[in-house]
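Coordinates as given in start10.cif (mmCIF, C-alpha atoms):
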```cif
data_my_file
loop_
_atom_site.group_PDB
_atom_site.id
_atom_site.type_symbol
_atom_site.label_atom_id
_atom_site.label_comp_id
_atom_site.auth_asym_id
_atom_site.auth_seq_id
_atom_site.Cartn_x
_atom_site.Cartn_y
_atom_site.Cartn_z
ATOM 1 C CA GLY A 1 -30.982 106.790 74.203
ATOM 2 C CA LEU A 2 -30.478 104.422 71.331
ATOM 3 C CA ASP A 3 -33.691 102.382 71.672
ATOM 4 C CA VAL A 4 -35.785 105.521 71.325
ATOM 5 C CA PHE A 5 -33.673 106.692 68.378
ATOM 6 C CA ASP A 6 -34.037 103.331 66.583
ATOM 7 C CA LYS A 7 -37.828 103.344 66.954
ATOM 8 C CA ARG A 8 -38.114 106.901 65.677
ATOM 9 C CA ALA A 9 -35.660 106.346 62.833
ATOM 10 C CA LEU A 10 -37.681 103.434 61.506
ATOM 11 C CA TRP A 11 -40.920 105.413 61.333
ATOM 12 C CA ASN A 12 -39.691 108.784 60.193
ATOM 13 C CA PRO A 13 -41.822 110.263 57.362
ATOM 14 C CA LEU A 14 -39.396 109.214 54.621
ATOM 15 C CA CYS A 15 -39.212 105.563 55.743
ATOM 16 C CA ALA A 16 -42.944 105.401 56.436
ATOM 17 C CA GLY A 17 -43.753 106.911 53.027
ATOM 18 C CA THR A 18 -41.386 104.516 51.279
ATOM 19 C CA THR A 19 -42.901 101.495 53.030
ATOM 20 C CA PHE A 20 -46.429 102.694 52.305
ATOM 21 C CA SER A 21 -45.695 103.341 48.607
ATOM 22 C CA TYR A 22 -44.052 99.918 48.290
ATOM 23 C CA LEU A 23 -47.092 98.179 49.797
ATOM 24 C CA CYS A 24 -49.558 100.126 47.659
ATOM 25 C CA ILE A 25 -47.674 99.710 44.381
ATOM 26 C CA PHE A 26 -46.824 96.059 45.005
ATOM 27 C CA GLY A 27 -50.317 95.099 46.146
ATOM 28 C CA ASN A 28 -52.202 96.985 43.471
ATOM 29 C CA LEU A 29 -50.051 95.995 40.509
ATOM 30 C CA GLU A 30 -49.486 92.348 41.521
ATOM 31 C CA ALA A 31 -53.182 91.797 42.186
ATOM 32 C CA GLY A 32 -54.176 93.900 39.188
ATOM 33 C CA CYS A 33 -51.992 91.914 36.775
ATOM 34 C CA THR A 34 -53.451 88.680 38.099
ATOM 35 C CA MET A 35 -57.035 89.903 37.888
ATOM 36 C CA ILE A 36 -56.829 91.617 34.496
ATOM 37 C CA ASP A 37 -55.923 88.335 32.803
ATOM 38 C CA CYS A 38 -57.450 85.747 35.144
ATOM 39 C CA GLN A 39 -59.578 84.243 32.342
ATOM 40 C CA HIS A 40 -57.121 85.276 29.598
ATOM 41 C CA GLN A 41 -59.456 88.124 28.666
ATOM 42 C CA LEU A 42 -56.603 90.608 28.314
ATOM 43 C CA ARG A 43 -54.578 88.540 25.867
ATOM 44 C CA ILE A 44 -57.659 87.631 23.802
ATOM 45 C CA THR A 45 -58.722 91.293 23.595
ATOM 46 C CA LEU A 46 -55.251 92.605 22.774
ATOM 47 C CA HIS A 47 -54.550 89.936 20.154
ATOM 48 C CA LEU A 48 -57.877 90.699 18.473
ATOM 49 C CA PHE A 49 -57.283 94.463 18.707
ATOM 50 C CA ASN A 50 -53.770 94.080 17.260
ATOM 51 C CA ALA A 51 -55.129 91.959 14.369
ATOM 52 C CA LEU A 52 -57.840 94.523 13.624
ATOM 53 C CA LYS A 53 -55.254 97.347 13.605
ATOM 54 C CA ILE A 54 -52.822 95.434 11.381
ATOM 55 C CA ASN A 55 -55.572 94.678 8.866
ATOM 56 C CA GLY A 56 -56.788 98.294 8.807
ATOM 57 C CA ILE A 57 -60.222 97.560 10.266
ATOM 58 C CA ILE A 58 -59.571 99.794 13.288
ATOM 59 C CA LYS A 59 -57.529 102.973 12.986
ATOM 60 C CA GLU A 60 -55.174 104.481 15.563
ATOM 61 C CA ASP A 61 -57.089 106.477 18.227
ATOM 62 C CA GLN A 62 -60.452 105.088 17.100
ATOM 63 C CA VAL A 63 -60.854 103.244 20.427
ATOM 64 C CA PRO A 64 -58.828 105.324 22.935
ATOM 65 C CA LEU A 65 -59.196 102.929 25.888
ATOM 66 C CA LEU A 66 -57.924 99.957 23.856
ATOM 67 C CA ASP A 67 -55.122 102.103 22.438
ATOM 68 C CA GLN A 68 -54.017 102.969 25.969
ATOM 69 C CA ILE A 69 -54.195 99.335 27.160
ATOM 70 C CA HIS A 70 -52.369 98.182 24.015
ATOM 71 C CA LYS A 71 -49.607 100.736 24.627
ATOM 72 C CA SER A 72 -49.294 99.721 28.292
ATOM 73 C CA PHE A 73 -48.968 95.998 27.548
ATOM 74 C CA LYS A 74 -46.928 96.288 24.332
ATOM 75 C CA LYS A 75 -43.817 94.763 25.952
ATOM 76 C CA SER A 76 -45.510 92.151 28.137
ATOM 77 C CA ARG A 77 -44.268 88.608 27.511
ATOM 78 C CA GLY A 78 -47.415 87.349 29.208
ATOM 79 C CA VAL A 79 -49.534 88.831 26.431
ATOM 80 C CA TRP A 80 -47.331 88.512 23.344
ATOM 81 C CA GLU A 81 -44.579 85.914 23.979
ATOM 82 C CA GLY A 82 -42.098 88.148 22.196
ATOM 83 C CA PRO A 83 -42.502 91.127 19.863
ATOM 84 C CA LEU A 84 -45.932 92.116 18.549
ATOM 85 C CA PRO A 85 -47.222 89.626 15.965
ATOM 86 C CA GLN A 86 -47.205 90.778 12.359
ATOM 87 C CA ARG A 87 -49.523 90.005 9.468
ATOM 88 C CA GLY A 88 -49.287 86.326 8.543
ATOM 89 C CA GLU A 89 -48.409 85.128 12.039
ATOM 90 C CA LEU A 90 -51.363 86.388 14.078
ATOM 91 C CA VAL A 91 -53.151 83.061 14.665
ATOM 92 C CA LYS A 92 -49.948 81.107 15.258
ATOM 93 C CA ARG A 93 -48.684 83.638 17.808
ATOM 94 C CA PHE A 94 -52.123 83.704 19.470
ATOM 95 C CA TRP A 95 -51.929 79.957 20.147
ATOM 96 C CA ILE A 96 -48.297 80.164 21.276
ATOM 97 C CA CYS A 97 -49.378 82.824 23.759
ATOM 98 C CA PHE A 98 -51.872 80.310 25.169
ATOM 99 C CA GLY A 99 -49.169 77.750 25.893
ATOM 100 C CA MET A 100 -49.244 75.724 22.686
ATOM 101 C CA ASN A 101 -45.885 74.604 21.379
ATOM 102 C CA PRO A 102 -44.781 76.361 18.159
ATOM 103 C CA LYS A 103 -45.155 73.292 15.919
ATOM 104 C CA ASP A 104 -48.773 72.664 16.957
ATOM 105 C CA ALA A 105 -49.557 76.381 16.888
ATOM 106 C CA LYS A 106 -48.408 76.524 13.267
ATOM 107 C CA LYS A 107 -50.616 73.512 12.466
ATOM 108 C CA MET A 108 -53.610 75.191 14.169
ATOM 109 C CA ALA A 109 -52.988 78.379 12.198
ATOM 110 C CA GLU A 110 -52.900 76.458 8.906
ATOM 111 C CA ASN A 111 -56.097 74.572 9.831
ATOM 112 C CA SER A 112 -57.782 77.874 10.711
ATOM 113 C CA LYS A 113 -56.810 79.370 7.362
ATOM 114 C CA LEU A 114 -58.306 76.358 5.538
ATOM 115 C CA ALA A 115 -61.477 76.480 7.639
ATOM 116 C CA VAL A 116 -62.002 80.166 6.827
ATOM 117 C CA ARG A 117 -61.578 79.485 3.115
ATOM 118 C CA ARG A 118 -64.192 76.678 3.319
ATOM 119 C CA HIS A 119 -66.461 78.856 5.512
ATOM 120 C CA GLU A 120 -66.385 76.242 8.263
ATOM 121 C CA VAL A 121 -65.770 77.007 11.889
ATOM 122 C CA ASP A 122 -64.768 74.200 14.222
ATOM 123 C CA THR A 123 -65.444 75.192 17.810
ATOM 124 C CA ASN A 124 -64.447 71.840 19.307
ATOM 125 C CA PHE A 125 -61.422 72.863 21.334
ATOM 126 C CA GLU A 126 -61.491 69.619 23.310
ATOM 127 C CA LYS A 127 -59.252 67.960 20.726
ATOM 128 C CA MET A 128 -56.578 70.673 20.927
ATOM 129 C CA GLU A 129 -53.167 69.162 21.323
ATOM 130 C CA GLY A 130 -49.805 70.631 22.010
ATOM 131 C CA ARG A 131 -50.648 72.657 25.085
ATOM 132 C CA ASN A 132 -47.596 71.458 26.905
ATOM 133 C CA ARG A 133 -45.922 74.786 27.639
ATOM 134 C CA LYS A 134 -46.537 76.894 30.681
ATOM 135 C CA MET A 135 -48.210 80.219 29.917
ATOM 136 C CA ASN A 136 -46.261 83.298 30.960
ATOM 137 C CA PRO A 137 -48.136 85.488 33.442
ATOM 138 C CA VAL A 138 -48.500 89.228 32.964
ATOM 139 C CA LYS A 139 -45.720 90.742 35.084
ATOM 140 C CA PRO A 140 -46.103 94.179 36.672
ATOM 141 C CA ALA A 141 -42.468 95.094 35.994
ATOM 142 C CA GLU A 142 -43.107 94.796 32.242
ATOM 143 C CA ILE A 143 -45.952 97.295 32.253
ATOM 144 C CA ALA A 144 -45.147 99.735 35.053
ATOM 145 C CA THR A 145 -41.846 101.561 35.423
ATOM 146 C CA CYS A 146 -42.857 102.646 38.923
ATOM 147 C CA TYR A 147 -43.115 98.957 39.928
ATOM 148 C CA ARG A 148 -39.576 98.329 38.677
ATOM 149 C CA ARG A 149 -38.297 101.360 40.532
ATOM 150 C CA ILE A 150 -40.048 100.831 43.866
ATOM 151 C CA CYS A 151 -40.502 97.055 44.202
ATOM 152 C CA ASN A 152 -37.577 95.682 42.193
ATOM 153 C CA ARG A 153 -35.166 98.559 42.938
ATOM 154 C CA ASP A 154 -34.298 98.596 39.229
ATOM 155 C CA PHE A 155 -32.754 101.948 38.294
ATOM 156 C CA HIS A 156 -30.510 100.800 35.439
ATOM 157 C CA ASP A 157 -32.130 103.090 32.842
ATOM 158 C CA VAL A 158 -32.702 106.232 34.938
ATOM 159 C CA LEU A 159 -31.864 109.527 33.245
ATOM 160 C CA ASP A 160 -31.546 112.970 34.789
ATOM 161 C CA LYS A 161 -34.223 114.974 32.991
ATOM 162 C CA TYR A 162 -34.259 117.936 35.345
ATOM 163 C CA HIS A 163 -30.675 119.212 35.576
ATOM 164 C CA ASN A 164 -28.349 120.387 32.843
ATOM 165 C CA ASP A 165 -24.547 120.206 33.165
ATOM 166 C CA GLU A 166 -24.267 123.800 34.382
ATOM 167 C CA GLN A 167 -26.806 123.225 37.170
ATOM 168 C CA ARG A 168 -25.075 120.027 38.263
ATOM 169 C CA GLN A 169 -21.708 121.775 38.528
ATOM 170 C CA ARG A 170 -23.133 124.859 40.238
ATOM 171 C CA CYS A 171 -24.890 122.794 42.905
ATOM 172 C CA GLY A 172 -21.865 120.552 43.353
ATOM 173 C CA ILE A 173 -24.054 117.474 43.788
ATOM 174 C CA LYS A 174 -22.784 115.392 40.872
ATOM 175 C CA GLY A 175 -20.447 112.734 42.209
ATOM 176 C CA THR A 176 -22.001 112.779 45.687
ATOM 177 C CA ASP A 177 -24.318 110.195 47.214
ATOM 178 C CA LEU A 178 -27.131 112.719 47.083
ATOM 179 C CA TYR A 179 -27.124 113.055 43.271
ATOM 180 C CA PRO A 180 -28.242 109.474 42.397
ATOM 181 C CA TYR A 181 -30.896 109.699 45.114
ATOM 182 C CA ILE A 182 -32.319 112.912 43.617
ATOM 183 C CA VAL A 183 -32.304 111.563 40.061
ATOM 184 C CA ARG A 184 -33.886 108.253 41.100
ATOM 185 C CA SER A 185 -36.541 110.024 43.176
ATOM 186 C CA ASN A 186 -37.496 112.324 40.289
ATOM 187 C CA ASP A 187 -37.653 109.409 37.851
ATOM 188 C CA THR A 188 -39.774 107.339 40.228
ATOM 189 C CA LEU A 189 -42.193 110.228 40.773
ATOM 190 C CA ASP A 190 -42.470 110.671 36.989
ATOM 191 C CA ALA A 191 -43.199 106.959 36.599
ATOM 192 C CA ILE A 192 -45.922 107.117 39.263
ATOM 193 C CA ASP A 193 -47.495 110.157 37.592
ATOM 194 C CA TYR A 194 -47.666 108.316 34.266
#
```
What does this structure look like when you write it as structure tokens?
Amino acid sequence: GLDVFDKRALWNPLCAGTTFSYLCIFGNLEAGCTMIDCQHQLRITLHLFNALKINGIIKEDQVPLLDQIHKSFKKSRGVWEGPLPQRGELVKRFWICFGMNPKDAKKMAENSKLAVRRHEVDTNFEKMEGRNRKMNPVKPAEIATCYRRICNRDFHDVLDKYHNDEQRQRCGIKGTDLYPYIVRSNDTLDAIDY
């Protein structure tokens, strides 16, 4: 009786699909976030791309792949350490992103500005000081809603985009345990499709 039921209940299609999606999403996004910035190539590229856009050198949609990556990582603390840097703070925020404390990052930015004015470039990074903060990693939950939904079970901002008030009342599902499940499932599927 019950032993057979327990074994079948664990591996029914819904449970198996949920477990499989969790493993795929978790594995791909965790490993992907580690690999995409393993040599800090993502933050260097996005900081440079952001600076070029702010200064009008690159226009919106001129480089579609970079636009898409920029949009995906716009809220990542691992890349930006806060909101997107604005004109006048690009170099300082770049160094802060690399683990430099704010005081030394400001000093590096001022030295860089002077070096550009004198047409000198100092590539001796050995003498860099102030790297005493830990760099924030790129976190999958910051870039992928589906990761938050499936791996972190974070549904705090889910909205019902598929049912209007009349449909909810007619079906009689609002207020039942089934309604949140349906809304969360639809939202998660939308996040995976994105």
Please enumerate the residues selected by the PyMOL selection byres ((chain A and resi 163) around 12) when evaluated against the supplied file, formatted as an mmCIF file with C-alpha atoms, in the coordinates of the input.
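Written output follows (part21.cif):
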```cif
data_model
loop_
_atom_site.group_PDB
_atom_site.id
_atom_site.type_symbol
_atom_site.label_atom_id
_atom_site.label_comp_id
_atom_site.auth_asym_id
_atom_site.auth_seq_id
_atom_site.Cartn_x
_atom_site.Cartn_y
_atom_site.Cartn_z
ATOM 1 C CA LEU A 159 -31.864 109.527 33.245
ATOM 2 C CA ASP A 160 -31.546 112.970 34.789
ATOM 3 C CA LYS A 161 -34.223 114.974 32.991
ATOM 4 C CA TYR A 162 -34.259 117.936 35.345
ATOM 5 C CA ASN A 164 -28.349 120.387 32.843
ATOM 6 C CA ASP A 165 -24.547 120.206 33.165
ATOM 7 C CA GLU A 166 -24.267 123.800 34.382
ATOM 8 C CA GLN A 167 -26.806 123.225 37.170
ATOM 9 C CA ARG A 168 -25.075 120.027 38.263
ATOM 10 C CA GLN A 169 -21.708 121.775 38.528
ATOM 11 C CA ARG A 170 -23.133 124.859 40.238
ATOM 12 C CA CYS A 171 -24.890 122.794 42.905
ATOM 13 C CA GLY A 172 -21.865 120.552 43.353
ATOM 14 C CA ILE A 173 -24.054 117.474 43.788
ATOM 15 C CA LYS A 174 -22.784 115.392 40.872
ATOM 16 C CA TYR A 179 -27.124 113.055 43.271
ATOM 17 C CA ILE A 182 -32.319 112.912 43.617
ATOM 18 C CA VAL A 183 -32.304 111.563 40.061
ATOM 19 C CA ASN A 186 -37.496 112.324 40.289
#
```
- Note on the structure: Computed gap from CA of Gly99 (chain A) to CA of Pro140 (chain A) is 19.9 Å
- Would you kindly return, as a list of chain:residue names, each protein, DNA or RNA residue with an atom no farther than 9 Å from any atom of Leu29 (chain A), considering only C-alpha atoms and excluding same-chain residues fewer than 4 positions away?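 My reading of the contact set: A:Cys24, A:Ile25, A:Cys33, A:Thr34, A:Lys139, A:Pro140, A:Ala141, A:Ala144, A:Tyr147.
Here CA of Thr176 (chain A) is placed at a distance of 20.9 Å from CA of Leu189 (chain A).
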- Query: Mind pulling up the distance from CA of Phe94 (chain A) to CA of Glu81 (chain A)?
  - Reply: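 These atoms are spaced 9.1 Å apart.
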- Message: Residue by residue, what does the PyMOL selection byres ((chain A and resi 79) around 7) grab here? Present the result as a ChimeraX atom specification.
- Response: /A:43,76-78,80-81,97,138
- Task: Decode the PyMOL selection byres ((chain A and resi 47-55) around 9) for the given file into explicit residues and return them as a list in words.
- Result: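 When the PyMOL selection byres ((chain A and resi 47-55) around 9) is applied, the selected residues are Leu42, Arg43, Ile44, Thr45, Leu46, Gly56, Ile57, Ile58, Lys59, Glu60, Leu66, Asp67, His70, Val79, Trp80, Leu84, Pro85, Gln86, Arg87, Leu90, Val91, Arg93 and Phe94 of chain A.
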- Task: Measuring atom to atom with all atoms listed in the file, identify which of A:Ala31, A:Met108, A:Leu178, A:Cys38 is nearest to Lys92 (chain A).
- Result: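 Of the candidates, the smallest distance to Lys92 (chain A) is held by A:Met108.
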